[in-house]
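The file data_9.txt contains compact mmCIF, C-alpha atoms:
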```txt
# COMPACT_ATOMS: atom_id res chain seq x y z
CA ARG R 1 -118.42 -28.28 16.02
CA ALA R 2 -119.21 -26.46 19.25
CA PRO R 3 -116.75 -26.82 22.16
CA LEU R 4 -117.46 -29.69 24.55
CA VAL R 5 -117.30 -27.23 27.46
CA PRO R 6 -118.77 -23.70 27.05
CA GLU R 7 -116.08 -21.09 26.38
CA LEU R 8 -116.06 -17.38 27.11
CA ILE R 9 -116.02 -15.13 24.07
CA ALA R 10 -113.07 -13.36 25.70
CA THR R 11 -111.06 -16.53 25.16
CA TYR R 12 -111.13 -15.92 21.42
CA ALA R 13 -110.71 -12.15 21.63
CA GLY R 14 -107.50 -10.27 21.11
CA ARG R 15 -105.98 -8.54 18.17
CA ASN R 16 -102.89 -10.74 18.03
CA HIS R 17 -104.43 -13.86 19.51
CA ASN R 18 -102.71 -16.90 18.02
CA MET R 19 -104.29 -20.15 19.15
CA CYS R 20 -102.25 -23.29 18.58
CA LYS R 21 -101.80 -26.79 19.94
CA ARG R 22 -98.79 -28.01 21.88
CA THR R 23 -97.29 -31.47 21.77
CA PRO R 24 -96.73 -33.54 24.95
CA ILE R 25 -92.96 -32.87 24.82
CA HIS R 26 -93.31 -29.12 24.24
CA ALA R 27 -91.78 -28.23 27.64
CA SER R 28 -88.86 -30.59 27.06
CA GLN R 29 -88.07 -28.94 23.71
CA LYS R 30 -88.12 -25.44 25.19
CA ALA R 31 -85.89 -26.56 28.06
CA ALA R 32 -83.41 -27.90 25.51
CA GLY R 33 -83.22 -24.48 23.82
CA GLY R 34 -85.61 -25.15 20.96
CA ILE R 35 -86.78 -22.20 18.86
CA MET R 36 -90.53 -22.69 18.67
CA HIS R 37 -92.38 -22.09 15.40
CA ARG R 38 -95.91 -22.73 14.27
CA ILE R 39 -96.27 -25.91 12.18
CA GLY R 40 -99.82 -26.08 10.85
CA VAL R 41 -102.06 -25.85 13.92
CA TRP R 42 -99.21 -26.94 16.20
CA GLN R 43 -96.26 -25.26 17.88
CA ARG R 44 -93.05 -27.24 17.66
CA ALA R 45 -89.30 -26.64 17.87
CA ARG R 46 -88.02 -25.64 14.42
CA TYR R 47 -84.36 -25.85 15.36
CA PHE R 48 -82.02 -25.90 18.34
CA SER R 49 -78.93 -24.28 16.81
CA LYS R 50 -77.49 -20.92 17.80
CA ASP R 51 -77.90 -19.54 14.27
CA PHE R 52 -80.65 -19.84 11.66
CA SER R 53 -78.47 -21.80 9.20
CA CYS R 54 -78.49 -24.76 11.62
CA ARG R 55 -75.32 -26.05 9.99
CA GLU R 56 -73.95 -27.62 13.17
CA GLU R 57 -77.29 -29.29 13.91
CA ILE R 58 -77.67 -30.63 10.36
CA GLU R 59 -74.16 -32.05 10.29
CA ASN R 60 -74.67 -33.70 13.67
CA VAL R 61 -77.87 -35.44 12.53
CA ARG R 62 -76.30 -36.60 9.26
CA GLY R 63 -73.18 -37.93 10.90
CA ASN R 64 -74.54 -38.88 14.30
CA VAL R 65 -78.16 -38.91 15.51
CA GLY R 66 -81.07 -36.58 16.27
CA LEU R 67 -84.65 -36.56 17.54
CA LEU R 68 -87.73 -35.02 15.93
CA ASP R 69 -91.05 -34.41 17.65
CA ALA R 70 -93.38 -36.03 15.10
CA SER R 71 -96.48 -35.73 17.28
CA THR R 72 -97.78 -33.04 14.92
CA LEU R 73 -98.27 -35.58 12.14
CA GLY R 74 -101.88 -36.56 11.64
CA LYS R 75 -102.86 -40.08 12.72
CA ILE R 76 -106.08 -41.64 11.43
CA ILE R 77 -107.31 -45.17 12.14
CA VAL R 78 -109.01 -46.84 9.16
CA LYS R 79 -110.68 -50.07 10.27
CA GLY R 80 -113.01 -52.65 8.78
CA PRO R 81 -113.21 -55.50 6.24
CA ASP R 82 -113.16 -52.97 3.36
CA ALA R 83 -110.40 -50.75 4.81
CA GLY R 84 -107.76 -51.88 2.30
CA ARG R 85 -110.06 -51.39 -0.69
CA PHE R 86 -111.07 -47.97 0.65
CA LEU R 87 -107.44 -46.78 0.88
CA ASP R 88 -106.72 -48.08 -2.63
CA MET R 89 -109.34 -45.61 -3.91
CA LEU R 90 -107.75 -42.66 -2.09
CA TYR R 91 -104.02 -43.19 -2.67
CA THR R 92 -102.14 -43.34 -5.97
CA ASN R 93 -100.58 -46.67 -4.99
CA MET R 94 -101.97 -49.91 -3.55
CA MET R 95 -102.43 -50.22 0.20
CA SER R 96 -104.51 -53.41 0.28
CA THR R 97 -101.42 -55.46 -0.61
CA LEU R 98 -99.62 -54.35 2.56
CA LYS R 99 -98.93 -57.19 4.96
CA PRO R 100 -99.73 -56.72 8.68
CA GLY R 101 -96.73 -55.19 10.44
CA LYS R 102 -95.50 -53.37 7.31
CA CYS R 103 -95.74 -49.73 6.22
CA ARG R 104 -95.75 -47.89 2.89
CA TYR R 105 -95.47 -44.27 1.77
CA GLY R 106 -98.39 -42.95 -0.24
CA LEU R 107 -99.67 -39.88 -2.10
CA MET R 108 -103.31 -38.80 -1.81
CA CYS R 109 -104.96 -36.81 -4.60
CA ASN R 110 -108.31 -35.05 -4.70
CA GLU R 111 -110.98 -35.62 -7.36
CA ASN R 112 -109.20 -33.17 -9.69
CA GLY R 113 -105.99 -35.18 -9.56
CA PHE R 114 -104.09 -32.61 -7.49
CA LEU R 115 -101.86 -33.74 -4.63
CA MET R 116 -103.57 -32.92 -1.33
CA ASP R 117 -101.62 -34.94 1.25
CA ASP R 118 -98.98 -37.58 1.75
CA GLY R 119 -97.71 -39.84 4.51
CA VAL R 120 -96.83 -43.33 5.67
CA VAL R 121 -99.61 -45.92 5.94
CA ALA R 122 -99.03 -48.82 8.34
CA ARG R 123 -101.10 -51.99 8.53
CA ILE R 124 -101.69 -52.99 12.15
CA ASP R 125 -103.65 -56.16 11.39
CA GLU R 126 -105.83 -57.58 8.63
CA ASP R 127 -108.61 -55.01 9.09
CA THR R 128 -106.77 -52.06 10.68
CA PHE R 129 -104.58 -49.38 9.10
CA LEU R 130 -102.83 -46.39 10.70
CA VAL R 131 -102.73 -43.49 8.22
CA HIS R 132 -100.28 -40.63 8.77
CA THR R 133 -100.94 -37.19 7.29
CA THR R 134 -98.98 -33.96 7.10
CA SER R 135 -98.78 -31.70 10.16
CA GLY R 136 -102.03 -29.78 10.39
CA GLY R 137 -103.61 -31.86 7.63
CA ALA R 138 -105.36 -34.44 9.79
CA GLU R 139 -108.76 -32.70 10.01
CA HIS R 140 -108.90 -31.94 6.28
CA THR R 141 -107.81 -35.45 5.29
CA HIS R 142 -110.21 -37.04 7.76
CA ALA R 143 -113.08 -34.95 6.37
CA HIS R 144 -112.07 -35.90 2.81
CA MET R 145 -112.17 -39.59 3.76
CA GLU R 146 -115.54 -39.25 5.50
CA ASP R 147 -117.00 -37.40 2.51
CA TRP R 148 -116.18 -40.24 0.12
CA LEU R 149 -117.17 -42.91 2.60
CA GLN R 150 -120.56 -41.40 3.46
CA CYS R 151 -121.52 -40.08 0.02
CA GLU R 152 -120.05 -42.58 -2.46
CA TRP R 153 -119.16 -45.82 -0.69
CA TRP R 154 -121.71 -45.69 2.12
CA ASP R 155 -122.26 -49.47 2.00
CA TRP R 156 -118.58 -50.32 2.60
CA GLN R 157 -117.67 -51.61 6.04
CA VAL R 158 -115.11 -49.01 7.08
CA TYR R 159 -114.73 -47.02 10.32
CA LEU R 160 -112.59 -43.87 10.61
CA ALA R 161 -111.17 -42.26 13.76
CA ASN R 162 -108.86 -39.26 14.03
CA VAL R 163 -106.42 -40.11 16.86
CA THR R 164 -103.87 -37.36 16.19
CA GLU R 165 -104.08 -35.91 19.70
CA GLN R 166 -104.32 -39.31 21.34
CA TYR R 167 -100.74 -40.36 20.64
CA ALA R 168 -97.39 -38.63 20.88
CA GLN R 169 -94.66 -39.55 18.39
CA VAL R 170 -90.88 -39.24 18.25
CA ALA R 171 -88.66 -39.87 15.22
CA VAL R 172 -85.10 -41.13 15.79
CA VAL R 173 -82.98 -40.28 12.75
CA GLY R 174 -79.35 -40.23 11.72
CA HIS R 175 -76.34 -42.38 11.03
CA VAL R 176 -76.35 -44.17 14.39
CA ALA R 177 -80.14 -44.17 14.90
CA ARG R 178 -80.20 -47.98 14.88
CA ARG R 179 -77.65 -48.20 17.67
CA ILE R 180 -79.69 -45.81 19.80
CA ALA R 181 -82.86 -47.75 19.07
CA GLN R 182 -81.20 -51.02 20.10
CA LEU R 183 -80.61 -49.62 23.58
CA HIS R 184 -84.24 -48.71 24.24
CA LEU R 185 -86.38 -50.49 21.64
CA PRO R 186 -86.85 -54.00 20.17
CA PRO R 187 -84.13 -55.45 17.84
CA VAL R 188 -83.83 -53.86 14.40
CA HIS R 189 -84.44 -57.22 12.71
CA ALA R 190 -87.92 -57.39 14.27
CA PRO R 191 -91.05 -56.49 12.23
CA LEU R 192 -91.26 -52.91 11.00
CA LEU R 193 -94.35 -52.18 13.07
CA GLN R 194 -94.58 -53.77 16.49
CA GLN R 195 -95.52 -53.28 20.09
CA VAL R 196 -92.82 -51.77 22.31
CA PRO R 197 -92.43 -53.70 25.60
CA GLN R 198 -91.16 -50.61 27.43
CA LEU R 199 -94.49 -48.93 26.66
CA ARG R 200 -96.59 -52.06 27.27
CA HIS R 201 -99.40 -52.42 24.74
CA GLN R 202 -99.83 -48.67 24.32
CA GLY R 203 -96.82 -48.03 22.09
CA ARG R 204 -95.74 -49.10 18.62
CA GLN R 205 -92.43 -48.80 16.82
CA GLN R 206 -92.19 -48.13 13.11
CA ARG R 207 -89.00 -48.07 11.03
CA VAL R 208 -88.83 -46.07 7.81
CA ARG R 209 -85.49 -46.06 5.93
CA LEU R 210 -82.57 -45.63 8.34
CA GLY R 211 -84.58 -43.87 11.02
CA GLY R 212 -87.55 -44.90 13.07
CA GLU R 213 -90.64 -43.61 14.79
CA VAL R 214 -92.27 -44.52 18.06
CA ALA R 215 -95.89 -43.65 18.83
CA ALA R 216 -97.47 -44.10 22.25
CA ASP R 217 -99.80 -42.48 24.74
CA HIS R 218 -98.47 -39.21 26.15
CA GLN R 219 -97.15 -40.21 29.57
CA ARG R 220 -95.36 -43.35 28.44
CA LEU R 221 -93.72 -41.67 25.47
CA LEU R 222 -92.53 -38.80 27.65
CA GLN R 223 -90.49 -41.29 29.66
CA LEU R 224 -89.00 -42.92 26.58
CA ALA R 225 -88.36 -39.56 24.88
CA GLU R 226 -86.37 -38.42 27.92
CA GLN R 227 -84.25 -41.59 27.78
CA LEU R 228 -83.63 -41.11 24.05
CA ARG R 229 -82.83 -37.40 24.49
CA ASN R 230 -80.26 -38.15 27.18
CA GLU R 231 -78.67 -40.79 24.96
CA VAL R 232 -78.59 -38.42 21.97
CA SER R 233 -77.15 -35.59 24.11
CA SER R 234 -74.35 -37.84 25.30
CA ARG R 235 -73.36 -38.32 21.66
CA GLY R 236 -73.05 -34.61 20.94
```
Now that the file is in, can you turn its structure into structure tokens?
Amino acid sequence: RAPLVPELIATYAGRNHNMCKRTPIHASQKAAGGIMHRIGVWQRARYFSKDFSCREEIENVRGNVGLLDASTLGKIIVKGPDAGRFLDMLYTNMMSTLKPGKCRYGLMCNENGFLMDDGVVARIDEDTFLVHTTSGGAEHTHAHMEDWLQCEWWDWQVYLANVTEQYAQVAVVGHVARRIAQLHLPPVHAPLLQQVPQLRHQGRQQRVRLGGEVAADHQRLLQLAEQLRNEVSSRG
């Protein structure tokens, strides 16, 4: 697809030119001492430790709490009366049985039976699912979905939208992740997927295992991420 705005050829020139995308909290990660690495088509902090083994950082997350910039994960909206049936055909497990407000991990295989992607699928309402893909896998997975939808199941009522760059995402993980979440997010006994009052209607919280993820538009999540980072920093 051609660029929306005309680009100079010089923009793409350069022997060592390495084009990549940056997440909304890129500057915050660099300021915190993050060592930036390329993750798929994105640039994200790989670690914050003084040495490559990251032993101190790993132990802190396992025994305390840590934050992960999960904005690089692909995010695809699957919407329509046949959305559940459509996802059942793509994943190795059932997604149509998910209740609204719940999420489920799934594996996606290609037509040869080989694993091509994986991620958590959340059901927003009866006709709307939020599909997460691997970092850098959103475009390929979205194209795979569109190929099957347009060529094989063209008469199904399903709409797809790649919203990966529309929403930022932060994962709160670790032994005391729930306590941190209680200070800034809805109660842990609330539904797994819900709107976050602090982010108005733009944000949603999702809990997977002992950690959790919050997705929202860029500006609102930046504010919450800064609050969470300060809380995490105060705990070592």
Enclose the full set of atoms of region 58-63 of chain R listed in the file within a box whose edges lie along x, y and z, apply 6 Å of padding to each of the six sides, and report centre and edge lengths in Å to one decimal as lines of an AutoDock Vina configuration file.
```
center_x = -75.5
center_y = -34.3
center_z = 11.5
size_x = 16.7
size_y = 19.3
size_z = 16.4
```
To one decimal place, how far is CA of Lys79 (chain R) from CA of Thr141 (chain R) in Å?
->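 If I compute the distance from CA of Lys79 (chain R) to CA of Thr141 (chain R), I get 15.7 Å.
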Distance in Å - CA of Val41 (chain R) versus CA of Val172 (chain R) =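 Spanning CA of Val41 (chain R) to CA of Val172 (chain R) is a straight-line distance of 22.9 Å.
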Around (-96.5, -35.2, 11.9) in the file's own coordinates, what residues are found within 9 Å if you use all atoms listed in the file, given back as a JSON list (two decimals) with C-alpha atoms, in the coordinates of the input?
```json
[["chain", "number", "residue", "atom", "x", "y", "z"],
["R", 69, "ASP", "CA", -91.05, -34.41, 17.65],
["R", 70, "ALA", "CA", -93.38, -36.03, 15.10],
["R", 71, "SER", "CA", -96.48, -35.73, 17.28],
["R", 72, "THR", "CA", -97.78, -33.04, 14.92],
["R", 73, "LEU", "CA", -98.27, -35.58, 12.14],
["R", 74, "GLY", "CA", -101.88, -36.56, 11.64],
["R", 75, "LYS", "CA", -102.86, -40.08, 12.72],
["R", 119, "GLY", "CA", -97.71, -39.84, 4.51],
["R", 132, "HIS", "CA", -100.28, -40.63, 8.77],
["R", 133, "THR", "CA", -100.94, -37.19, 7.29],
["R", 134, "THR", "CA", -98.98, -33.96, 7.10],
["R", 135, "SER", "CA", -98.78, -31.70, 10.16],
["R", 136, "GLY", "CA", -102.03, -29.78, 10.39],
["R", 137, "GLY", "CA", -103.61, -31.86, 7.63],
["R", 164, "THR", "CA", -103.87, -37.36, 16.19],
["R", 169, "GLN", "CA", -94.66, -39.55, 18.39]]
```
Given the choices R:Asn60, R:Ala83, R:Asp125, R:Leu130, which gets closest to Tyr105 (chain R) if the distance is worked out from only C-alpha atoms?
-> R:Leu130
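All residues of protein, DNA or RNA that reach within 7 Å of Val120 (chain R), judged by only C-alpha atoms and not counting those fewer than 2 positions away in the chain, are Cys103, Arg104, Tyr105, Gly106, Ala122, Val131 and His132 of chain R.
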To one decimal in Å, tell me the separation between CA of Val5 (chain R) and CA of Asn162 (chain R).
-> 19.9 Å
Distance criterion (only C-alpha atoms): nearest to Leu160 (chain R) out of R:Met145, R:Leu115, R:Leu87, R:Leu98 =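 The answer is R:Met145, which sits nearest to Leu160 (chain R).
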Contacts of region 146-155 of chain R within 12 Å, all atoms listed in the file, excl. fewer than 4 positions in-chain, as a list in words |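 Once the nearby chain positions are removed, what remains is Ile76, Val78, Gly80, Pro81, Asp82, Ala83, Arg85, Phe86, Leu87, Met89, Leu90, Asn110, Glu111, Glu139, His140, Thr141, His142, Tyr159, Leu160, Ala161 and Asn162 of chain R.
Distances from R:Thr128, R:Ser96, R:Asn112, R:Thr23 to Ile77 (chain R) were compared using all atoms listed in the file, and the smallest one belongs to R:Thr128.
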Since the input lacks atoms, please generate N, CA and C atoms for region 66-80 of chain R and provide them as a PDB file, in the frame of the given file.
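And here's part-v1.pdb as it stands now:
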```
ATOM      1  N   GLY R  66     -80.233 -37.668  15.790  1.00  0.00           N
ATOM      2  CA  GLY R  66     -81.070 -36.580  16.270  1.00  0.00           C
ATOM      3  C   GLY R  66     -82.490 -37.062  16.529  1.00  0.00           C
ATOM      4  N   LEU R  67     -83.262 -36.250  17.227  1.00  0.00           N
ATOM      5  CA  LEU R  67     -84.650 -36.560  17.540  1.00  0.00           C
ATOM      6  C   LEU R  67     -85.569 -35.500  16.916  1.00  0.00           C
ATOM      7  N   LEU R  68     -86.722 -35.931  16.456  1.00  0.00           N
ATOM      8  CA  LEU R  68     -87.730 -35.020  15.930  1.00  0.00           C
ATOM      9  C   LEU R  68     -89.064 -35.306  16.603  1.00  0.00           C
ATOM     10  N   ASP R  69     -89.711 -34.263  17.080  1.00  0.00           N
ATOM     11  CA  ASP R  69     -91.050 -34.410  17.650  1.00  0.00           C
ATOM     12  C   ASP R  69     -92.038 -34.537  16.498  1.00  0.00           C
ATOM     13  N   ALA R  70     -92.461 -35.758  16.215  1.00  0.00           N
ATOM     14  CA  ALA R  70     -93.380 -36.030  15.100  1.00  0.00           C
ATOM     15  C   ALA R  70     -94.827 -36.128  15.555  1.00  0.00           C
ATOM     16  N   SER R  71     -95.114 -35.656  16.762  1.00  0.00           N
ATOM     17  CA  SER R  71     -96.480 -35.730  17.280  1.00  0.00           C
ATOM     18  C   SER R  71     -97.447 -34.886  16.466  1.00  0.00           C
ATOM     19  N   THR R  72     -96.928 -33.916  15.713  1.00  0.00           N
ATOM     20  CA  THR R  72     -97.780 -33.040  14.920  1.00  0.00           C
ATOM     21  C   THR R  72     -98.359 -33.743  13.695  1.00  0.00           C
ATOM     22  N   LEU R  73     -97.755 -34.843  13.284  1.00  0.00           N
ATOM     23  CA  LEU R  73     -98.270 -35.580  12.140  1.00  0.00           C
ATOM     24  C   LEU R  73     -99.668 -36.123  12.441  1.00  0.00           C
ATOM     25  N   GLY R  74    -100.545 -36.040  11.451  1.00  0.00           N
ATOM     26  CA  GLY R  74    -101.880 -36.560  11.640  1.00  0.00           C
ATOM     27  C   GLY R  74    -101.869 -38.086  11.728  1.00  0.00           C
ATOM     28  N   LYS R  75    -102.767 -38.622  12.540  1.00  0.00           N
ATOM     29  CA  LYS R  75    -102.860 -40.080  12.720  1.00  0.00           C
ATOM     30  C   LYS R  75    -104.331 -40.475  12.666  1.00  0.00           C
ATOM     31  N   ILE R  76    -104.687 -41.250  11.645  1.00  0.00           N
ATOM     32  CA  ILE R  76    -106.080 -41.640  11.430  1.00  0.00           C
ATOM     33  C   ILE R  76    -106.174 -43.172  11.367  1.00  0.00           C
ATOM     34  N   ILE R  77    -107.056 -43.732  12.168  1.00  0.00           N
ATOM     35  CA  ILE R  77    -107.310 -45.170  12.140  1.00  0.00           C
ATOM     36  C   ILE R  77    -108.372 -45.462  11.082  1.00  0.00           C
ATOM     37  N   VAL R  78    -108.055 -46.377  10.169  1.00  0.00           N
ATOM     38  CA  VAL R  78    -109.010 -46.840   9.160  1.00  0.00           C
ATOM     39  C   VAL R  78    -109.217 -48.334   9.426  1.00  0.00           C
ATOM     40  N   LYS R  79    -110.427 -48.702   9.800  1.00  0.00           N
ATOM     41  CA  LYS R  79    -110.680 -50.070  10.270  1.00  0.00           C
ATOM     42  C   LYS R  79    -111.919 -50.657   9.618  1.00  0.00           C
ATOM     43  N   GLY R  80    -111.857 -51.962   9.327  1.00  0.00           N
ATOM     44  CA  GLY R  80    -113.010 -52.650   8.780  1.00  0.00           C
ATOM     45  C   GLY R  80    -112.617 -53.612   7.672  1.00  0.00           C
TER      46      GLY R  80
END
```
